[in-house]
Each structure stands twice: as structure tokens, then as C-alpha cells.
$ cat query-v3.cif   # mmCIF, C-alpha atoms
data_upload
loop_
_atom_site.group_PDB
_atom_site.id
_atom_site.type_symbol
_atom_site.label_atom_id
_atom_site.label_comp_id
_atom_site.auth_asym_id
_atom_site.auth_seq_id
_atom_site.Cartn_x
_atom_site.Cartn_y
_atom_site.Cartn_z
ATOM 1 C CA MET J 18 0.000 0.000 0.000
ATOM 2 C CA GLU J 19 1.210 3.463 -0.763
ATOM 3 C CA PHE J 20 2.085 5.648 2.191
ATOM 4 C CA MET J 21 0.031 8.711 1.220
ATOM 5 C CA PRO J 22 -3.456 7.071 1.118
ATOM 6 C CA LEU J 23 -2.677 5.370 4.426
ATOM 7 C CA LEU J 24 -1.681 8.708 5.941
ATOM 8 C CA VAL J 25 -4.816 10.443 4.638
ATOM 9 C CA PHE J 26 -7.148 7.692 5.891
ATOM 10 C CA ALA J 27 -5.406 7.563 9.274
ATOM 11 C CA GLY J 28 -5.748 11.344 9.513
ATOM 12 C CA LEU J 29 -9.486 11.147 8.842
ATOM 13 C CA LEU J 30 -9.861 8.537 11.569
ATOM 14 C CA VAL J 31 -7.857 10.606 14.060
ATOM 15 C CA LYS J 32 -9.973 13.686 13.300
ATOM 16 C CA LYS J 33 -13.200 11.801 13.946
ATOM 17 C CA ILE J 34 -11.793 10.226 17.136
ATOM 18 C CA VAL J 35 -11.005 13.745 18.385
ATOM 19 C CA ASP J 36 -14.539 14.850 17.446
ATOM 20 C CA PHE J 37 -15.952 11.820 19.291
ATOM 21 C CA VAL J 38 -13.969 12.716 22.439
ATOM 22 C CA ARG J 39 -15.241 16.299 22.173
ATOM 23 C CA TYR J 40 -18.828 15.041 21.925
ATOM 24 C CA ALA J 41 -18.306 12.800 24.942
ATOM 25 C CA LYS J 42 -16.661 15.561 27.003
ATOM 26 C CA ALA J 43 -19.510 17.959 26.163
ATOM 27 C CA ARG J 44 -21.993 15.181 27.032
ATOM 28 C CA ASP J 45 -23.470 15.421 23.540
ATOM 29 C CA VAL J 46 -24.930 11.923 23.559
ATOM 30 C CA TRP J 47 -26.452 12.208 20.095
ATOM 31 C CA GLY J 48 -23.262 13.539 18.500
ATOM 32 C CA ALA J 49 -21.282 10.659 19.992
ATOM 33 C CA ALA J 50 -23.976 8.148 19.036
ATOM 34 C CA THR J 51 -24.038 9.447 15.459
ATOM 35 C CA GLN J 52 -20.283 8.936 15.127
ATOM 36 C CA LEU J 53 -20.488 5.441 16.619
ATOM 37 C CA LEU J 54 -23.288 4.657 14.178
ATOM 38 C CA ALA J 55 -21.159 5.899 11.251
ATOM 39 C CA TRP J 56 -18.258 3.688 12.334
ATOM 40 C CA ALA J 57 -20.514 0.661 12.892
ATOM 41 C CA GLY J 58 -22.166 1.208 9.508
ATOM 42 C CA GLY J 59 -18.781 1.472 7.806
ATOM 43 C CA ILE J 60 -17.512 -1.707 9.471
ATOM 44 C CA GLY J 61 -20.705 -3.579 8.613
ATOM 45 C CA ALA J 62 -20.632 -2.433 4.994
ATOM 46 C CA ILE J 63 -16.993 -3.448 4.497
ATOM 47 C CA ILE J 64 -17.444 -6.844 6.162
ATOM 48 C CA LEU J 65 -20.526 -7.465 4.033
ATOM 49 C CA ALA J 66 -18.723 -6.351 0.864
ATOM 50 C CA ALA J 67 -15.771 -8.623 1.691
ATOM 51 C CA HIS J 68 -18.094 -11.630 1.603
ATOM 52 C CA THR J 69 -19.706 -10.950 -1.766
ATOM 53 C CA ALA J 70 -18.902 -12.499 -5.119
ATOM 54 C CA TRP J 71 -17.191 -9.261 -6.205
ATOM 55 C CA ALA J 72 -14.732 -9.217 -3.276
ATOM 56 C CA ALA J 73 -12.219 -11.403 -5.144
ATOM 57 C CA THR J 74 -11.858 -8.786 -7.882
ATOM 58 C CA THR J 75 -12.339 -5.575 -5.867
ATOM 59 C CA GLU J 76 -9.100 -3.871 -4.889
ATOM 60 C CA VAL J 77 -8.851 -1.477 -1.975
ATOM 61 C CA LEU J 78 -5.520 0.340 -1.769
ATOM 62 C CA GLY J 79 -3.876 -2.388 -3.846
ATOM 63 C CA VAL J 80 -5.240 -5.350 -1.849
ATOM 64 C CA LYS J 81 -8.068 -7.642 -2.961
ATOM 65 C CA LEU J 82 -10.965 -7.116 -0.567
ATOM 66 C CA GLY J 83 -11.696 -10.852 -0.495
ATOM 67 C CA ALA J 84 -8.157 -11.541 0.723
ATOM 68 C CA THR J 85 -8.381 -9.247 3.735
ATOM 69 C CA GLY J 86 -8.765 -10.496 7.268
ATOM 70 C CA LEU J 87 -11.211 -9.284 9.900
ATOM 71 C CA ALA J 88 -8.764 -6.718 11.330
ATOM 72 C CA ASP J 89 -8.249 -5.254 7.834
ATOM 73 C CA GLN J 90 -11.999 -5.121 7.275
ATOM 74 C CA ILE J 91 -12.595 -3.374 10.610
ATOM 75 C CA TRP J 92 -9.843 -0.863 9.809
ATOM 76 C CA LEU J 93 -11.348 -0.195 6.367
ATOM 77 C CA GLY J 94 -14.796 0.120 7.938
ATOM 78 C CA LEU J 95 -13.532 2.707 10.423
ATOM 79 C CA GLN J 96 -12.022 4.584 7.471
ATOM 80 C CA ALA J 97 -15.315 4.423 5.546
ATOM 81 C CA GLY J 98 -17.293 5.704 8.542
ATOM 82 C CA SER J 99 -14.783 8.479 9.186
ATOM 83 C CA LEU J 100 -14.781 9.502 5.514
ATOM 84 C CA ALA J 101 -18.586 9.631 5.498
ATOM 85 C CA SER J 102 -18.566 11.802 8.637
ATOM 86 C CA VAL J 103 -15.976 14.194 7.218
ATOM 87 C CA LEU J 104 -17.927 14.495 3.955
ATOM 88 C CA ASN J 105 -21.045 15.239 6.007
ATOM 89 C CA ASP J 106 -19.116 17.932 7.922
ATOM 90 C CA VAL J 107 -17.936 19.504 4.658
ATOM 91 C CA THR J 108 -21.463 19.447 3.221
ATOM 92 C CA ALA J 109 -22.850 21.083 6.361
ATOM 93 C CA ALA J 110 -20.165 23.777 6.223
ATOM 94 C CA ILE J 111 -20.829 24.590 2.561
ATOM 95 C CA ASP J 112 -24.634 24.231 2.500
ATOM 96 C CA ARG J 113 -25.745 27.454 4.202
ATOM 97 C CA ALA J 114 -29.333 26.985 3.014
ATOM 98 C CA ARG J 115 -29.394 23.561 4.727
ATOM 99 C CA SER J 116 -30.936 22.089 1.574
ATOM 100 C CA SER J 117 -29.349 18.720 2.381
ATOM 101 C CA ALA J 118 -30.293 18.744 6.079
ATOM 102 C CA VAL J 119 -31.705 15.579 7.598
ATOM 103 C CA PRO J 120 -33.391 15.210 10.990
ATOM 104 C CA ARG J 121 -31.103 14.648 13.970
ATOM 105 C CA LEU J 122 -31.268 11.284 15.709
ATOM 106 C CA ASP J 123 -32.855 12.930 18.761
ATOM 107 C CA ALA J 124 -35.469 14.901 16.795
ATOM 108 C CA PRO J 125 -39.075 14.212 17.728
ATOM 109 C CA PRO J 126 -41.050 12.198 15.169
ATOM 110 C CA VAL J 127 -42.895 14.171 12.533
ATOM 111 C CA THR J 128 -46.642 13.818 12.835
ATOM 112 C CA ALA J 129 -49.452 15.021 10.634
ATOM 113 C CA PRO J 130 -51.215 18.153 11.856
ATOM 114 C CA ALA J 131 -54.303 17.435 13.902
ATOM 115 C CA GLU J 132 -57.569 17.867 12.073
ATOM 116 C CA PRO J 133 -60.010 20.257 13.677
ATOM 117 C CA PRO J 134 -62.925 18.450 15.290
ATOM 118 C CA ASN J 135 -66.108 18.156 13.267
ATOM 119 C CA GLN J 136 -68.261 21.097 14.142
ATOM 120 C CA PRO J 137 -71.646 21.969 12.803
ATOM 121 C CA PRO J 138 -71.686 24.893 10.406
ATOM 122 C CA PRO J 139 -72.356 28.246 12.070
ATOM 123 C CA THR J 140 -75.969 29.289 12.123
ATOM 124 C CA PRO J 141 -76.800 32.565 10.412
ATOM 125 C CA ALA J 142 -77.599 35.463 12.698
ATOM 126 C CA THR J 143 -81.234 36.600 12.609
#

$ encode --input "query-v3.cif" --output "C-alpha cells"
Amino acid sequence: MEFMPLLVFAGLLVKKIVDFVRYAKARDVWGAATQLLAWAGGIGAIILAAHTAWAATTEVLGVKLGATGLADQIWLGLQAGSLASVLNDVTAAIDRARSSAVPRLDAPPVTAPAEPPNQPPPTPAT
């Protein structure tokens, strides 16, 4: 594997670990949970991809995905989750109109507005 991609991916992981520690220190449960979910999703996606028919021909940083071990897959999954988080951070920083905003994990569920109760029509004044 080339040194530069390894350095970039390791840097992304370190940045998101620092962010995670900041969330934990600030007691931002949902920020920390979101990062954990990104890492878990990345790990799950890479492990799943490594067990598909295409894994034998898919190369990641010069290594066939199907030939990687569990530790390699976890490392790649952490990289995928960190990359997704950094891309989300960049999008949030650029998108001032919040056109790509999604609800936070702790947001209350969206419900339909309540219909007014059935009332008889008003009677005309005499």
C-alpha cells in the first residue's frame, strides 16, 4: 500500500476520534452516538462487501478485498465511517441553506397536523 493514502485515511480517523472525544466531554450523547453509528455502519458495509462475489476482484488500496482479514476489514470500515462523517461535515459547512439537512437522531417524530374536530356549520344570525 502506498504511504500517502494510508496517511490520509489515518488522519481522517484521528480527526473523527477527536470529534468523538469532544462530543463525549460535552456530554453530547447524540453527537457521539451518530459517530459510533457511522463507524458501525462502515464496518458492517466493508465486512458485508468482503463476503460478496465481487470481493475477489475488488481492490482497496492495492489489496483484494476478499483476501483481507477481519482486522483489515474493521480498519477499512472505520475509514469508511470516518470519511462519510468528514464528507457530512464539509457538506454542512458549505450548505448554508441547509438544503441537504436531515433530521437529527434525537429529533421528535414528525406527525401530521391534527384535524379540527367536526363542528356543525355556524348558524346565520337573525

$ residues_around --input "query-v3.cif" --residues "stretch 96-107 of chain J" --least-positions-apart "5" --cutoff "9 Å" --atoms "only C-alpha atoms" --output "PyMOL selection string"
chain J and resi 26-27+29-34+52-60+62-63+91+112

$ resolve_selection --input "query-v3.cif" --expression "the PyMOL selection byres ((chain J and resi 66-82) around 9)" --output "VMD selection string"
chain J and resid 18 to 19 22 to 23 61 to 65 83 to 86 90 93

$ atom_distance --input "query-v3.cif" --atom1 "atom CA of J:Ala49" --atom2 "atom CA of J:Ile111"
22.3 Å

$ atom_distance --input "query-v3.cif" --atom1 "atom CA of J:Phe37" --atom2 "atom CA of J:Leu95"
12.9 Å

$ atom_distance --input "query-v3.cif" --atom1 "atom CA of J:Asp123" --atom2 "atom CA of J:Trp47"
6.6 Å

$ decode --input "query-v3.cif" --residues "stretch 86-127 of chain J" --atoms "N, CA and C atoms" --output "compact mmCIF listing (two decimals), in the first residue's frame"
# COMPACT_ATOMS: atom_id res chain seq x y z
N GLY J 86 -8.30 -9.87 6.04
CA GLY J 86 -8.77 -10.50 7.27
C GLY J 86 -9.72 -9.59 8.01
N LEU J 87 -10.24 -10.05 9.13
CA LEU J 87 -11.21 -9.28 9.90
C LEU J 87 -10.63 -7.96 10.39
N ALA J 88 -9.38 -7.97 10.85
CA ALA J 88 -8.76 -6.72 11.33
C ALA J 88 -8.67 -5.70 10.19
N ASP J 89 -8.30 -6.15 8.99
CA ASP J 89 -8.25 -5.25 7.83
C ASP J 89 -9.63 -4.70 7.52
N GLN J 90 -10.64 -5.54 7.59
CA GLN J 90 -12.00 -5.12 7.28
C GLN J 90 -12.51 -4.11 8.31
N ILE J 91 -12.19 -4.33 9.58
CA ILE J 91 -12.59 -3.37 10.61
C ILE J 91 -11.89 -2.04 10.38
N TRP J 92 -10.59 -2.09 10.07
CA TRP J 92 -9.84 -0.86 9.81
C TRP J 92 -10.44 -0.12 8.62
N LEU J 93 -10.73 -0.83 7.54
CA LEU J 93 -11.35 -0.19 6.37
C LEU J 93 -12.73 0.36 6.70
N GLY J 94 -13.48 -0.36 7.53
CA GLY J 94 -14.80 0.12 7.94
C GLY J 94 -14.72 1.39 8.76
N LEU J 95 -13.74 1.48 9.66
CA LEU J 95 -13.53 2.71 10.42
C LEU J 95 -13.18 3.86 9.48
N GLN J 96 -12.38 3.56 8.46
CA GLN J 96 -12.02 4.58 7.47
C GLN J 96 -13.26 5.04 6.70
N ALA J 97 -14.10 4.09 6.30
CA ALA J 97 -15.32 4.42 5.55
C ALA J 97 -16.25 5.28 6.40
N GLY J 98 -16.44 4.91 7.65
CA GLY J 98 -17.29 5.70 8.54
C GLY J 98 -16.73 7.09 8.79
N SER J 99 -15.42 7.18 8.97
CA SER J 99 -14.78 8.48 9.19
C SER J 99 -14.89 9.35 7.94
N LEU J 100 -14.67 8.75 6.76
CA LEU J 100 -14.78 9.50 5.51
C LEU J 100 -16.20 10.03 5.33
N ALA J 101 -17.19 9.19 5.62
CA ALA J 101 -18.59 9.63 5.50
C ALA J 101 -18.88 10.79 6.45
N SER J 102 -18.35 10.72 7.67
CA SER J 102 -18.57 11.80 8.64
C SER J 102 -17.90 13.10 8.20
N VAL J 103 -16.68 13.00 7.68
CA VAL J 103 -15.98 14.19 7.22
C VAL J 103 -16.71 14.80 6.02
N LEU J 104 -17.17 13.97 5.10
CA LEU J 104 -17.93 14.50 3.95
C LEU J 104 -19.22 15.17 4.42
N ASN J 105 -19.86 14.62 5.44
CA ASN J 105 -21.05 15.24 6.01
C ASN J 105 -20.70 16.59 6.63
N ASP J 106 -19.56 16.67 7.33
CA ASP J 106 -19.12 17.93 7.92
C ASP J 106 -18.87 18.98 6.85
N VAL J 107 -18.22 18.57 5.76
CA VAL J 107 -17.94 19.50 4.66
C VAL J 107 -19.24 19.99 4.02
N THR J 108 -20.17 19.07 3.80
CA THR J 108 -21.46 19.45 3.22
C THR J 108 -22.19 20.44 4.12
N ALA J 109 -22.18 20.18 5.43
CA ALA J 109 -22.85 21.08 6.36
C ALA J 109 -22.19 22.46 6.38
N ALA J 110 -20.87 22.50 6.22
CA ALA J 110 -20.17 23.78 6.22
C ALA J 110 -20.44 24.59 4.95
N ILE J 111 -20.62 23.91 3.84
CA ILE J 111 -20.83 24.59 2.56
C ILE J 111 -22.29 24.95 2.34
N ASP J 112 -23.20 24.11 2.79
CA ASP J 112 -24.63 24.23 2.50
C ASP J 112 -25.30 25.18 3.50
N ARG J 113 -25.17 26.47 3.27
CA ARG J 113 -25.74 27.45 4.20
C ARG J 113 -27.27 27.44 4.19
N ALA J 114 -27.87 27.04 3.10
CA ALA J 114 -29.33 26.99 3.01
C ALA J 114 -29.89 25.73 3.67
N ARG J 115 -29.02 24.83 4.10
CA ARG J 115 -29.39 23.56 4.73
C ARG J 115 -30.33 22.75 3.83
N SER J 116 -30.09 22.82 2.51
CA SER J 116 -30.94 22.09 1.57
C SER J 116 -30.71 20.58 1.66
N SER J 117 -29.60 20.15 2.24
CA SER J 117 -29.35 18.72 2.38
C SER J 117 -29.50 18.26 3.83
N ALA J 118 -30.14 19.07 4.66
CA ALA J 118 -30.29 18.74 6.08
C ALA J 118 -31.22 17.54 6.26
N VAL J 119 -30.88 16.72 7.22
CA VAL J 119 -31.71 15.58 7.60
C VAL J 119 -32.00 15.70 9.09
N PRO J 120 -33.07 15.10 9.56
CA PRO J 120 -33.39 15.21 10.99
C PRO J 120 -32.29 14.60 11.85
N ARG J 121 -32.05 15.20 13.01
CA ARG J 121 -31.10 14.65 13.97
C ARG J 121 -31.69 13.36 14.55
N LEU J 122 -30.80 12.53 15.11
CA LEU J 122 -31.27 11.28 15.71
C LEU J 122 -32.21 11.53 16.88
N ASP J 123 -32.03 12.66 17.59
CA ASP J 123 -32.86 12.93 18.76
C ASP J 123 -34.07 13.80 18.45
N ALA J 124 -34.33 14.07 17.17
CA ALA J 124 -35.47 14.90 16.80
C ALA J 124 -36.77 14.16 17.06
N PRO J 125 -37.79 14.88 17.51
CA PRO J 125 -39.07 14.21 17.73
C PRO J 125 -39.66 13.74 16.40
N PRO J 126 -40.46 12.69 16.42
CA PRO J 126 -41.05 12.20 15.17
C PRO J 126 -41.98 13.24 14.56
N VAL J 127 -42.02 13.25 13.25
CA VAL J 127 -42.89 14.17 12.53
C VAL J 127 -44.28 13.55 12.47
